[in-house]
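Below is upload-v4.tsv, holding TSV, C-alpha atoms.
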chain	number	residue	atom	x	y	z
A	1251	MET	CA	46.06	-0.88	-18.65
A	1252	GLY	CA	46.88	-1.05	-14.95
A	1253	LYS	CA	45.72	-4.04	-12.97
A	1254	SER	CA	44.00	-1.84	-10.35
A	1255	SER	CA	42.13	0.43	-12.77
A	1256	THR	CA	38.35	0.58	-13.14
A	1257	VAL	CA	36.83	0.00	-16.54
A	1258	PHE	CA	33.32	1.15	-17.43
A	1259	VAL	CA	31.69	-1.13	-19.99
A	1260	GLY	CA	29.04	0.60	-22.10
A	1261	MET	CA	26.56	-1.76	-23.78
A	1262	ASP	CA	24.06	-0.83	-26.46
A	1263	VAL	CA	21.61	-3.72	-26.12
A	1264	HIS	CA	19.39	-5.06	-28.88
A	1265	LYS	CA	17.45	-8.27	-29.37
A	1266	GLU	CA	20.10	-9.90	-31.59
A	1267	SER	CA	23.29	-8.00	-30.67
A	1268	ILE	CA	25.11	-6.05	-27.97
A	1269	ASP	CA	27.64	-3.38	-28.95
A	1270	ILE	CA	30.35	-2.95	-26.28
A	1271	THR	CA	32.75	-0.06	-25.59
A	1272	LEU	CA	35.34	0.17	-22.78
A	1273	ALA	CA	36.27	3.38	-20.95
A	1274	GLU	CA	39.10	3.11	-18.44
A	1275	VAL	CA	39.45	5.67	-15.66
A	1276	GLY	CA	42.20	8.03	-16.76
A	1277	GLY	CA	42.57	6.19	-20.04
A	1278	GLU	CA	41.13	5.96	-23.51
A	1279	VAL	CA	37.69	5.01	-24.78
A	1280	ARG	CA	37.86	2.10	-27.20
A	1281	ARG	CA	35.32	-0.15	-28.81
A	1282	LEU	CA	35.47	-3.86	-28.00
A	1283	GLY	CA	33.04	-4.93	-30.72
A	1284	ALA	CA	29.60	-6.46	-31.15
A	1285	ILE	CA	28.51	-9.76	-29.64
A	1286	GLY	CA	25.33	-11.82	-29.79
A	1287	GLY	CA	22.36	-10.72	-27.70
A	1288	ASP	CA	21.95	-14.08	-25.96
A	1289	ARG	CA	23.02	-15.12	-22.45
A	1290	VAL	CA	25.86	-17.40	-23.61
A	1291	SER	CA	27.59	-14.69	-25.64
A	1292	LEU	CA	27.26	-12.18	-22.81
A	1293	LEU	CA	28.71	-14.46	-20.13
A	1294	LYS	CA	31.59	-15.44	-22.42
A	1295	THR	CA	32.50	-11.77	-22.90
A	1296	VAL	CA	32.20	-11.05	-19.17
A	1297	ARG	CA	34.60	-13.92	-18.34
A	1298	LYS	CA	37.07	-12.60	-20.92
A	1299	LEU	CA	37.01	-9.11	-19.41
A	1300	ARG	CA	37.31	-10.40	-15.84
A	1301	SER	CA	40.43	-12.33	-16.74
A	1302	ARG	CA	42.29	-9.02	-17.12
A	1303	GLY	CA	42.03	-8.42	-13.37
A	1304	GLN	CA	40.36	-5.02	-13.59
A	1305	GLU	CA	37.31	-3.75	-11.73
A	1306	LEU	CA	34.37	-3.75	-14.12
A	1307	VAL	CA	31.23	-1.58	-14.06
A	1308	PHE	CA	28.66	-2.35	-16.75
A	1309	VAL	CA	26.04	0.14	-17.93
A	1310	TYR	CA	23.19	-0.10	-20.44
A	1311	GLU	CA	19.87	1.58	-21.24
A	1312	ALA	CA	16.55	0.25	-19.99
A	1313	GLY	CA	14.58	-1.12	-22.90
A	1314	PRO	CA	12.45	-3.96	-24.25
A	1315	CYS	CA	15.07	-6.59	-23.36
A	1316	GLY	CA	14.28	-6.20	-19.66
A	1317	PHE	CA	16.58	-6.67	-16.69
A	1318	TRP	CA	17.99	-10.14	-17.23
A	1319	ILE	CA	21.40	-8.68	-18.17
A	1320	TYR	CA	21.50	-6.74	-14.91
A	1321	ARG	CA	20.64	-9.85	-12.91
A	1322	GLU	CA	23.20	-12.04	-14.69
A	1323	ILE	CA	26.03	-9.56	-14.17
A	1324	SER	CA	25.05	-8.77	-10.57
A	1325	SER	CA	24.95	-12.49	-9.73
A	1326	LEU	CA	28.66	-12.62	-10.64
A	1327	GLY	CA	29.45	-9.94	-8.07
A	1328	LEU	CA	30.08	-7.22	-10.65
A	1329	GLY	CA	28.67	-3.69	-10.74
A	1330	CYS	CA	25.92	-2.95	-13.25
A	1331	MET	CA	23.90	0.20	-13.90
A	1332	VAL	CA	20.62	0.42	-15.79
A	1333	VAL	CA	19.85	3.98	-16.88
A	1334	SER	CA	16.77	5.63	-18.31
A	1335	PRO	CA	17.21	6.71	-21.96
A	1336	SER	CA	15.35	9.97	-21.29
A	1337	LEU	CA	17.84	10.96	-18.56
A	1338	ILE	CA	21.02	10.47	-20.60
A	1339	PRO	CA	22.66	13.85	-21.39
A	1340	ARG	CA	22.84	14.58	-25.12
A	1341	ARG	CA	24.47	17.40	-27.06
A	1342	ALA	CA	22.00	19.58	-28.95
A	1343	GLY	CA	24.04	19.54	-32.16
A	1344	ASP	CA	24.60	15.76	-32.21
A	1345	HIS	CA	22.37	14.31	-34.94
A	1346	VAL	CA	24.28	11.08	-35.63
A	1347	LYS	CA	23.07	7.96	-33.83
A	1348	THR	CA	24.65	4.52	-34.23
A	1349	ASP	CA	25.09	1.51	-31.97
A	1350	ARG	CA	28.79	2.25	-31.65
A	1351	ARG	CA	28.27	5.89	-30.69
A	1352	ASP	CA	25.58	4.91	-28.19
A	1353	SER	CA	27.84	2.44	-26.40
A	1354	GLU	CA	30.70	4.97	-26.42
A	1355	ARG	CA	28.44	7.62	-24.91
A	1356	LEU	CA	27.27	5.28	-22.16
A	1357	ALA	CA	30.82	4.28	-21.22
A	1358	SER	CA	32.10	7.89	-21.25
A	1359	LEU	CA	29.21	9.32	-19.25
A	1360	ALA	CA	29.39	6.51	-16.70
A	1361	ARG	CA	33.10	7.18	-16.22
A	1362	ALA	CA	32.36	10.90	-15.75
A	1363	GLY	CA	29.70	10.12	-13.11
A	1364	GLU	CA	26.90	11.77	-15.11
A	1365	LEU	CA	24.51	8.79	-15.18
A	1366	GLU	CA	21.94	8.00	-12.49
A	1367	PRO	CA	20.85	4.33	-12.28
A	1368	ILE	CA	17.17	3.49	-12.10
A	1369	HIS	CA	15.49	1.15	-9.62
A	1370	VAL	CA	15.52	-2.48	-10.78
A	1371	PRO	CA	12.75	-4.65	-9.29
A	1372	ASP	CA	13.47	-8.17	-8.14
A	1373	ILE	CA	12.07	-11.12	-10.07
A	1374	ARG	CA	8.95	-11.53	-7.92
A	1375	ASP	CA	8.07	-7.83	-8.02
A	1376	GLU	CA	8.55	-7.74	-11.79
A	1377	ALA	CA	6.29	-10.78	-12.18
A	1378	ILE	CA	3.49	-9.04	-10.27
A	1379	ARG	CA	4.01	-5.94	-12.41
A	1380	ASP	CA	3.73	-8.00	-15.61
A	1381	LEU	CA	0.47	-9.48	-14.33
A	1382	VAL	CA	-0.93	-6.03	-13.55
A	1383	ARG	CA	0.07	-4.75	-16.98
A	1384	ALA	CA	-1.57	-7.76	-18.61
A	1385	ARG	CA	-4.84	-6.70	-16.98
A	1386	ASP	CA	-4.30	-3.18	-18.34
A	1387	ASP	CA	-3.81	-4.64	-21.84
A	1388	ALA	CA	-7.06	-6.59	-21.44
A	1389	LEU	CA	-8.88	-3.39	-20.52
A	1390	ILE	CA	-7.52	-1.71	-23.65
A	1391	SER	CA	-8.74	-4.64	-25.77
A	1392	GLN	CA	-12.19	-4.46	-24.18
A	1393	ARG	CA	-12.42	-0.70	-24.71
A	1394	ARG	CA	-11.35	-1.00	-28.33
A	1395	ALA	CA	-13.92	-3.72	-29.06
A	1396	ARG	CA	-16.67	-1.67	-27.42
A	1397	GLN	CA	-15.77	1.39	-29.48
A	1398	GLN	CA	-15.76	-0.67	-32.67
A	1399	LEU	CA	-19.19	-2.07	-31.88
A	1400	LYS	CA	-20.62	1.39	-31.16
A	1401	ALA	CA	-19.13	2.69	-34.41
A	1402	LEU	CA	-20.86	-0.11	-36.34
A	1403	LEU	CA	-24.21	0.71	-34.75
A	1404	LEU	CA	-23.79	4.44	-35.32
A	1405	ARG	CA	-23.10	3.92	-39.02
A	1406	ASN	CA	-26.46	2.17	-39.22
A	1407	ASP	CA	-28.26	4.85	-37.15
A	1408	ILE	CA	-28.94	2.44	-34.29
A	1409	ARG	CA	-28.92	4.39	-31.04
A	1410	TYR	CA	-29.33	3.29	-27.45
A	1411	VAL	CA	-31.75	5.59	-25.61
A	1412	GLY	CA	-30.82	4.45	-22.11
A	1413	LYS	CA	-28.66	6.41	-19.71
A	1414	THR	CA	-25.55	4.22	-19.37
A	1415	SER	CA	-23.91	1.77	-21.72
A	1416	TRP	CA	-22.69	-1.73	-20.82
A	1417	THR	CA	-25.17	-2.19	-18.00
A	1418	ALA	CA	-27.46	-5.22	-17.77
A	1419	ALA	CA	-30.21	-3.27	-19.56
A	1420	HIS	CA	-27.81	-2.26	-22.35
A	1421	ARG	CA	-26.67	-5.85	-22.83
A	1422	ARG	CA	-30.27	-7.02	-23.06
A	1423	TRP	CA	-30.89	-4.35	-25.70
A	1424	LEU	CA	-27.85	-5.56	-27.67
A	1425	SER	CA	-29.04	-9.16	-27.52
A	1426	GLU	CA	-32.31	-8.17	-29.23
A	1427	LEU	CA	-30.73	-6.19	-32.08
A	1428	LYS	CA	-30.88	-7.37	-35.67
A	1429	LEU	CA	-28.97	-5.49	-38.35
A	1430	PRO	CA	-30.44	-5.04	-41.84
A	1431	GLN	CA	-27.78	-7.04	-43.71
A	1432	GLY	CA	-26.53	-10.53	-42.95
A	1433	ALA	CA	-22.88	-9.51	-43.34
A	1434	GLN	CA	-23.36	-6.69	-40.84
A	1435	GLN	CA	-24.99	-9.11	-38.40
A	1436	ILE	CA	-21.91	-11.34	-38.60
A	1437	ALA	CA	-19.65	-8.37	-37.84
A	1438	PHE	CA	-21.94	-7.40	-34.97
A	1439	GLU	CA	-21.76	-10.88	-33.42
A	1440	GLU	CA	-17.97	-10.95	-33.77
A	1441	TYR	CA	-17.68	-7.67	-31.88
A	1442	ILE	CA	-19.99	-9.02	-29.16
A	1443	ASP	CA	-17.80	-12.13	-28.84
A	1444	ALA	CA	-14.64	-9.99	-28.63
A	1445	ILE	CA	-16.16	-7.91	-25.82
A	1446	THR	CA	-17.24	-11.04	-23.94
A	1447	LEU	CA	-13.80	-12.64	-24.25
A	1448	ALA	CA	-12.04	-9.46	-23.12
A	1449	THR	CA	-14.35	-9.13	-20.12
A	1450	GLU	CA	-13.74	-12.73	-19.07
A	1451	ARG	CA	-10.00	-12.21	-19.49
A	1452	ILE	CA	-10.13	-9.18	-17.18
A	1453	LEU	CA	-11.95	-11.15	-14.50
A	1454	ARG	CA	-9.44	-14.02	-14.73
A	1455	LEU	CA	-6.52	-11.63	-14.39
A	1456	ILE	CA	-8.06	-9.88	-11.38
A	1457	ARG	CA	-8.50	-13.24	-9.65
A	1458	ALA	CA	-4.88	-14.11	-10.47
A	1459	ILE	CA	-3.68	-10.78	-9.06
A	1460	GLU	CA	-5.61	-11.36	-5.84
A	1461	SER	CA	-4.08	-14.81	-5.49
A	1462	GLU	CA	-0.51	-13.61	-6.11
A	1463	VAL	CA	-0.74	-10.55	-3.87
A	1464	ALA	CA	-1.87	-12.68	-0.92
A	1465	THR	CA	1.69	-14.09	-0.61
A	1466	TRP	CA	3.57	-11.00	-1.84
A	1467	ARG	CA	6.00	-9.19	0.44
A	1468	PHE	CA	4.21	-5.90	-0.26
A	1469	ALA	CA	0.75	-7.23	0.67
A	1470	PRO	CA	0.61	-5.07	3.86
A	1471	VAL	CA	1.49	-1.97	1.80
A	1472	VAL	CA	-1.30	-2.78	-0.66
A	1473	ALA	CA	-3.77	-3.12	2.23
A	1474	GLY	CA	-2.57	0.14	3.79
A	1475	LEU	CA	-2.94	2.11	0.56
A	1476	GLN	CA	-6.56	1.00	0.29
A	1477	ALA	CA	-7.34	3.04	3.40
A	1478	MET	CA	-6.95	6.10	1.18
A	1479	ARG	CA	-9.94	7.43	-0.66
A	1480	GLY	CA	-9.93	6.61	-4.36
A	1481	ILE	CA	-7.46	3.72	-4.04
A	1482	GLN	CA	-9.07	0.33	-4.29
A	1483	PHE	CA	-7.36	-3.02	-4.70
A	1484	VAL	CA	-6.27	-2.82	-8.35
A	1485	HIS	CA	-5.04	0.77	-7.99
A	1486	ALA	CA	-3.07	-0.12	-4.85
A	1487	VAL	CA	-1.41	-3.11	-6.53
A	1488	THR	CA	-0.61	-1.02	-9.61
A	1489	LEU	CA	1.07	1.71	-7.57
A	1490	VAL	CA	3.15	-0.71	-5.49
A	1491	ALA	CA	4.08	-2.93	-8.45
A	1492	GLU	CA	5.22	0.07	-10.52
A	1493	LEU	CA	6.93	2.05	-7.75
A	1494	GLY	CA	8.39	-0.77	-5.68
A	1495	ASP	CA	9.64	0.06	-2.21
A	1496	LEU	CA	8.15	3.47	-1.41
A	1497	THR	CA	10.75	4.16	1.28
A	1498	ARG	CA	13.31	4.87	-1.45
A	1499	PHE	CA	11.54	8.20	-1.97
A	1500	HIS	CA	12.65	10.64	0.71
A	1501	SER	CA	9.76	13.07	0.24
A	1502	ALA	CA	6.46	13.53	-1.55
A	1503	ARG	CA	8.14	16.10	-3.81
A	1504	GLN	CA	10.64	13.48	-4.96
A	1505	LEU	CA	7.86	10.96	-5.64
A	1506	MET	CA	5.83	13.50	-7.64
A	1507	GLY	CA	8.92	14.37	-9.65
A	1508	TYR	CA	9.50	10.69	-10.37
A	1509	LEU	CA	5.91	10.33	-11.58
A	1510	GLY	CA	6.08	13.46	-13.76
A	1511	LEU	CA	3.35	15.21	-11.76
A	1512	VAL	CA	5.32	18.43	-11.31
A	1513	PRO	CA	4.89	21.41	-13.68
A	1514	ARG	CA	7.26	22.26	-16.48
A	1515	GLU	CA	9.15	25.47	-15.85
A	1516	ASP	CA	10.95	28.00	-18.03
A	1517	SER	CA	12.13	30.74	-15.71
A	1518	THR	CA	14.91	33.28	-15.95
A	1519	GLY	CA	15.72	36.34	-13.89
A	1520	GLU	CA	12.57	37.77	-12.36
A	1521	ARG	CA	10.33	35.97	-14.83
A	1522	ARG	CA	8.78	32.66	-13.80
A	1523	ARG	CA	6.78	30.63	-16.28
A	1524	GLN	CA	5.25	27.23	-15.50
A	1525	GLY	CA	3.41	24.92	-17.84
A	1526	SER	CA	1.73	21.54	-17.85
A	1527	ILE	CA	3.07	18.54	-15.93
A	1528	THR	CA	6.29	17.01	-17.23
A	1529	LYS	CA	4.84	13.49	-17.66
A	1530	ALA	CA	8.29	12.05	-16.99
A	1531	GLY	CA	8.73	8.67	-15.37
A	1532	ASN	CA	6.33	5.77	-15.00
A	1533	ALA	CA	3.13	6.32	-17.01
A	1534	TYR	CA	1.22	3.42	-15.39
A	1535	ALA	CA	1.71	4.72	-11.86
A	1536	ARG	CA	1.03	8.31	-12.95
A	1537	ARG	CA	-2.30	7.35	-14.50
A	1538	ALA	CA	-3.31	5.36	-11.40
A	1539	MET	CA	-2.43	8.33	-9.18
A	1540	ILE	CA	-4.42	10.80	-11.30
A	1541	GLU	CA	-7.46	8.50	-11.41
A	1542	ALA	CA	-7.35	8.17	-7.63
A	1543	ALA	CA	-7.06	11.95	-7.21
A	1544	TRP	CA	-10.44	12.47	-8.87
A	1545	ALA	CA	-12.13	11.03	-5.77
A	1546	TYR	CA	-10.97	14.03	-3.73
A	1547	ARG	CA	-13.18	16.50	-5.57
A	1548	HIS	CA	-15.98	15.38	-3.24
A	1549	PRO	CA	-16.37	16.47	0.41
A	1550	ALA	CA	-14.37	14.56	3.00
A	1551	ARG	CA	-16.27	11.48	4.07
A	1552	VAL	CA	-15.59	7.91	5.14
A	1553	THR	CA	-18.09	5.92	3.11
A	1554	ARG	CA	-19.19	2.39	3.83
A	1555	ILE	CA	-16.80	1.06	1.17
A	1556	ILE	CA	-13.84	2.94	2.63
A	1557	ALA	CA	-14.74	1.83	6.16
A	1558	THR	CA	-14.82	-1.78	4.96
A	1559	ARG	CA	-11.36	-1.45	3.42
A	1560	GLN	CA	-10.06	0.08	6.66
A	1561	THR	CA	-11.26	-2.82	8.77
A	1562	GLY	CA	-8.33	-4.44	10.53
A	1563	LEU	CA	-5.81	-1.76	9.56
A	1564	PRO	CA	-3.68	0.02	12.19
A	1565	LYS	CA	-5.13	3.20	13.66
A	1566	ALA	CA	-2.14	5.23	12.44
A	1567	VAL	CA	-2.86	4.25	8.81
A	1568	CYS	CA	-6.51	5.28	9.11
A	1569	ASP	CA	-5.47	8.57	10.71
A	1570	ILE	CA	-3.24	9.38	7.74
A	1571	ALA	CA	-6.05	8.54	5.31
A	1572	TRP	CA	-8.46	10.88	7.12
A	1573	ARG	CA	-5.96	13.73	7.30
A	1574	ALA	CA	-5.42	13.33	3.57
A	1575	GLN	CA	-9.14	13.72	3.00
A	1576	LEU	CA	-9.29	16.87	5.13
A	1577	ARG	CA	-6.35	18.34	3.25
A	1578	LEU	CA	-7.34	17.38	-0.29
A	1579	SER	CA	-11.12	17.07	-0.44
A	1580	ALA	CA	-13.59	19.84	-1.18
A	1581	ALA	CA	-14.74	19.70	2.46
A	1582	GLY	CA	-11.27	20.64	3.65
A	1583	SER	CA	-11.97	24.34	3.10
A	1584	ILE	CA	-15.45	24.07	4.61
A	1585	ASN	CA	-14.28	22.51	7.85
A	1586	SER	CA	-11.05	24.47	8.17
A	1587	ASP	CA	-11.75	25.32	11.80
A	1588	HIS	CA	-12.34	21.67	12.66
A	1589	ILE	CA	-8.92	20.34	11.74
A	1590	PHE	CA	-8.38	16.73	12.69
A	1591	SER	CA	-7.14	16.56	16.27
A	1592	GLY	CA	-5.76	13.01	16.26
A	1593	ASN	CA	-8.86	11.09	17.38
A	1594	SER	CA	-9.88	8.66	14.63
A	1595	ASP	CA	-12.75	6.91	16.42
A	1596	HIS	CA	-15.08	8.44	13.82
A	1597	LEU	CA	-13.49	6.48	10.99
A	1598	GLY	CA	-15.88	3.59	11.30
A	1599	ASP	CA	-18.90	5.93	11.15
A	1600	PRO	CA	-19.00	8.92	8.78
A	1601	ALA	CA	-21.57	10.65	10.99
A	1602	GLU	CA	-18.95	11.05	13.73
A	1603	ALA	CA	-16.43	12.92	11.57
A	1604	PRO	CA	-15.23	16.08	13.35
A	1605	GLY	CA	-17.05	19.32	12.57
A	1606	ARG	CA	-19.96	17.65	10.77
A	1607	THR	CA	-23.53	16.87	11.69
A	1608	SER	CA	-25.14	13.53	11.08
A	1609	ALA	CA	-27.31	15.06	8.35
A	1610	SER	CA	-24.37	16.40	6.39
A	1611	ALA	CA	-22.48	13.12	6.90
A	1612	SER	CA	-25.33	11.09	5.45
A	1613	THR	CA	-25.69	13.32	2.40
A	1614	GLY	CA	-21.99	14.16	1.86
A	1615	GLY	CA	-22.56	17.91	2.23
A	1616	GLY	CA	-25.72	19.69	1.16
A	1617	LYS	CA	-27.33	22.90	2.35
A	1618	ASP	CA	-25.45	23.11	5.66
A	1619	ASP	CA	-22.08	22.79	3.95
A	1620	ARG	CA	-22.93	25.44	1.37
A	1621	HIS	CA	-24.04	27.80	4.14
A	1622	ALA	CA	-20.81	27.08	6.03
A	1623	GLN	CA	-18.76	27.86	2.95
A	1624	ALA	CA	-20.56	31.19	2.49
A	1625	THR	CA	-19.98	32.18	6.11
A	1626	ARG	CA	-16.30	31.13	5.99
A	1627	ASP	CA	-15.49	33.15	2.87
A	1628	PRO	CA	-17.94	36.06	2.39
A	1629	GLY	CA	-15.88	37.57	-0.42
A	1630	ALA	CA	-15.88	34.46	-2.56
A	1631	ALA	CA	-17.67	34.55	-5.90
A	1632	PRO	CA	-21.05	32.77	-5.89
A	1633	ARG	CA	-21.17	29.31	-7.34
A	1634	ARG	CA	-22.68	28.89	-10.76
A	1635	PRO	CA	-25.56	26.41	-10.64
A	1636	GLN	CA	-24.69	23.11	-12.30
A	1637	PRO	CA	-27.02	21.16	-14.60
A	1638	GLY	CA	-28.89	18.44	-12.79
A	1639	GLY	CA	-28.54	20.22	-9.45
A	1640	GLY	CA	-32.29	20.56	-8.82
A	1641	ARG	CA	-35.18	22.75	-9.95
A	1642	THR	CA	-33.64	25.95	-8.60
A	1643	ALA	CA	-30.38	25.33	-10.44
A	1644	ARG	CA	-32.20	24.70	-13.73
A	1645	ARG	CA	-34.22	27.89	-13.31
A	1646	GLY	CA	-31.02	29.83	-12.70
A	1647	LEU	CA	-29.42	28.48	-15.87
A	1648	ALA	CA	-32.58	29.29	-17.87
A	1649	LYS	CA	-32.54	32.87	-16.62
A	1650	GLN	CA	-28.86	33.25	-17.54
A	1651	ARG	CA	-29.50	31.98	-21.07
A	1652	ALA	CA	-32.51	34.27	-21.48
A	1653	ALA	CA	-30.46	37.25	-20.30
A	1654	ARG	CA	-27.71	36.47	-22.84
A	1655	ARG	CA	-30.22	36.15	-25.66
A	1656	GLY	CA	-31.86	39.42	-24.65
Would you write the structure of this file as structure tokens?
Amino acid sequence: MGKSSTVFVGMDVHKESIDITLAEVGGEVRRLGAIGGDRVSLLKTVRKLRSRGQELVFVYEAGPCGFWIYREISSLGLGCMVVSPSLIPRRAGDHVKTDRRDSERLASLARAGELEPIHVPDIRDEAIRDLVRARDDALISQRRARQQLKALLLRNDIRYVGKTSWTAAHRRWLSELKLPQGAQQIAFEEYIDAITLATERILRLIRAIESEVATWRFAPVVAGLQAMRGIQFVHAVTLVAELGDLTRFHSARQLMGYLGLVPREDSTGERRRQGSITKAGNAYARRAMIEAAWAYRHPARVTRIIATRQTGLPKAVCDIAWRAQLRLSAAGSINSDHIFSGNSDHLGDPAEAPGRTSASASTGGGKDDRHAQATRDPGAAPRRPQPGGGRTARRGLAKQRAARRG
């Protein structure tokens, strides 16, 4: 080996072991061997390789062992790449997988320049992300306990006749229940305790997140995201903790591709076929983005809650949030001839939104908006009345059902 050559070190990382393969530029690919998965064994191997006087570039797959290997190697001034397992090229006919072959593949592909490193958060950002994910785990535990309790009651034909579960009225109803058998009552009380503990855990974690974010470097970004409709505090923290520095994305298209919110495609020649979203990338951030997007099915409006979140934010941030509402909300098509002109003085008062009367602002749409939609697009198909939309809507649905039966 030449003293000036570059060696790519492929590592297949596991909890108890790390399999290492070396690939020199212009040279052979050879296996170094397996070492322990602890910090001492890794640093000992790194010192041994550095003693040869060659430039070293380490590469390994992201996995359950985290990023401590990346940080240890980078602190020594050496290059290190962490790659996503789903983005590593694989041959279709290769059905043999071993630790040795995995490390050889990583070293060879890194030498060929076919691997793209992922973003590695710093220690503070990763700590915030772990805290946010702990809250998500607590929510899953609460949801599971609630489902188990409802299943127990359903098996005993005990039904709640109220409108919404887990309200104060529903909890009072639960506190008065008595199951027919003593053993069932014990199970019932255990489920109630599990729900109470999970709920308290969620509240503790939210308070901890609020405390940590107050001194976080991305606190202004979290506050700015809350100007958007559908993004409250927890959603904003989730997005920033999972995505990191948003300026690393050069366009919205690149961000959507990273989140897996772009459609699958199988096109050839003149045929173009698209399917469901790819669901590639970060699932936590993708779910938070989709949940926030549901808020834009309503007409554009700055509610009291949104106005409160926008208090103290720069005017430019509020302008972007309002333009997003005009572009994405259901009212965007209604008020197409009243496109936002750049004046955001209305943001503190929904009644002053451009192209809207005070009546429509207070109700979020209504008769005037439906009339405007009909006049804007005369050729559009009439809306089908929705259940719960008033006496006229219910009569319309009844007539449609009667016509089908006839």
(request) Go through A:Ile1527, A:Ala1433, A:Val1471, A:Val1275 one by one, measure the shortest atom-to-atom distance of each to Arg1514 in chain A using all atoms listed in the file, and give the residue with the smallest value. (result) A:Ile1527
(request) Go through A:Ser1325, A:Ser1501, A:Gln1431, A:Ile1556 one by one, measure the shortest atom-to-atom distance of each to Phe1483 in chain A using all atoms listed in the file, and give the residue with the smallest value. (result) A:Ile1556
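Remark: for Gly1363 in chain A, the closest of the candidate residues A:Phe1258, A:Pro1564, A:Gly1412, A:Asp1386 is A:Phe1258 (distances computed over all atoms listed in the file).
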Can you tell me, as an mmCIF file with C-alpha atoms, keeping the file's coordinate frame, which residues sit within 12 Å of (-21.3, 0.3, -33.6) in the file's frame, using all atoms listed in the file?
data_model
loop_
_atom_site.group_PDB
_atom_site.id
_atom_site.type_symbol
_atom_site.label_atom_id
_atom_site.label_comp_id
_atom_site.auth_asym_id
_atom_site.auth_seq_id
_atom_site.Cartn_x
_atom_site.Cartn_y
_atom_site.Cartn_z
ATOM 1 C CA ARG A 1394 -11.350 -1.000 -28.330
ATOM 2 C CA ALA A 1395 -13.920 -3.720 -29.060
ATOM 3 C CA ARG A 1396 -16.670 -1.670 -27.420
ATOM 4 C CA GLN A 1397 -15.770 1.390 -29.480
ATOM 5 C CA GLN A 1398 -15.760 -0.670 -32.670
ATOM 6 C CA LEU A 1399 -19.190 -2.070 -31.880
ATOM 7 C CA LYS A 1400 -20.620 1.390 -31.160
ATOM 8 C CA ALA A 1401 -19.130 2.690 -34.410
ATOM 9 C CA LEU A 1402 -20.860 -0.110 -36.340
ATOM 10 C CA LEU A 1403 -24.210 0.710 -34.750
ATOM 11 C CA LEU A 1404 -23.790 4.440 -35.320
ATOM 12 C CA ARG A 1405 -23.100 3.920 -39.020
ATOM 13 C CA ASN A 1406 -26.460 2.170 -39.220
ATOM 14 C CA ASP A 1407 -28.260 4.850 -37.150
ATOM 15 C CA ILE A 1408 -28.940 2.440 -34.290
ATOM 16 C CA ARG A 1409 -28.920 4.390 -31.040
ATOM 17 C CA TYR A 1410 -29.330 3.290 -27.450
ATOM 18 C CA LEU A 1424 -27.850 -5.560 -27.670
ATOM 19 C CA LEU A 1427 -30.730 -6.190 -32.080
ATOM 20 C CA LEU A 1429 -28.970 -5.490 -38.350
ATOM 21 C CA GLN A 1434 -23.360 -6.690 -40.840
ATOM 22 C CA GLN A 1435 -24.990 -9.110 -38.400
ATOM 23 C CA ALA A 1437 -19.650 -8.370 -37.840
ATOM 24 C CA PHE A 1438 -21.940 -7.400 -34.970
ATOM 25 C CA GLU A 1439 -21.760 -10.880 -33.420
ATOM 26 C CA GLU A 1440 -17.970 -10.950 -33.770
ATOM 27 C CA TYR A 1441 -17.680 -7.670 -31.880
ATOM 28 C CA ILE A 1442 -19.990 -9.020 -29.160
#
(request) In Å, rounded to a single decimal, give me how far CA of Glu1364 in chain A is from CA of Phe1499 in chain A. (result) 20.5 Å
(request) Pick out the residues sitting within 12 Å of Ala1469 in chain A, and hand them over as a PyMOL selection string; count only C-alpha atoms, and ignore anything fewer than 6 positions along from it in its own chain. (result) chain A and resi 1375+1378+1459-1463+1475-1476+1483+1486-1487+1490-1491+1494-1495
(request) Write out as a ChimeraX atom specification the residues lying within 7 Å of Leu1328 in chain A, counting only C-alpha atoms and excluding same-chain residues fewer than 3 positions away. (result) /A:1306-1307,1323-1324
Let's have the selection written as a short mmCIF file (atom, residue, chain, number, x, y, z; two decimals), in the coordinates of the input, with C-alpha atoms.
data_model
loop_
_atom_site.label_atom_id
_atom_site.label_comp_id
_atom_site.auth_asym_id
_atom_site.auth_seq_id
_atom_site.Cartn_x
_atom_site.Cartn_y
_atom_site.Cartn_z
CA LEU A 1306 34.37 -3.75 -14.12
CA VAL A 1307 31.23 -1.58 -14.06
CA ILE A 1323 26.03 -9.56 -14.17
CA SER A 1324 25.05 -8.77 -10.57
#
(request) Tell me, as a PyMOL selection string, which residues lie within 12 Å of Ile1268 in chain A, counting only C-alpha atoms; anything in the same chain fewer than 6 positions away does not count. (result) chain A and resi 1259-1262+1281-1289+1291-1292+1295+1309-1311+1315+1319+1349-1350+1352-1353
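Computed from the coordinates, the CA of Lys1347 in chain A to CA of Met1331 in chain A distance equals 21.4 Å.
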Skip Cys1568 in chain A itself and residues of its chain fewer than 4 positions away, then list as a compact mmCIF listing (two decimals) with C-alpha atoms, in the coordinates of the input all residues within 9 Å of it, counting all atoms listed in the file.
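Once everything was written out, this is around.txt:
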# COMPACT_ATOMS: atom_id res chain seq x y z
CA GLY A 1474 -2.57 0.14 3.79
CA ALA A 1477 -7.34 3.04 3.40
CA MET A 1478 -6.95 6.10 1.18
CA GLN A 1560 -10.06 0.08 6.66
CA LEU A 1563 -5.81 -1.76 9.56
CA PRO A 1564 -3.68 0.02 12.19
CA TRP A 1572 -8.46 10.88 7.12
CA ARG A 1573 -5.96 13.73 7.30
CA SER A 1594 -9.88 8.66 14.63
CA LEU A 1597 -13.49 6.48 10.99
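When CA of Ala1571 in chain A is paired with CA of Glu1492 in chain A, their separation reads 21.2 Å.
Of the listed residues (A:Tyr1320, A:Trp1416, A:Trp1466, A:Trp1423), A:Tyr1320 comes nearest to Val1370 in chain A; the distances count only C-alpha atoms.
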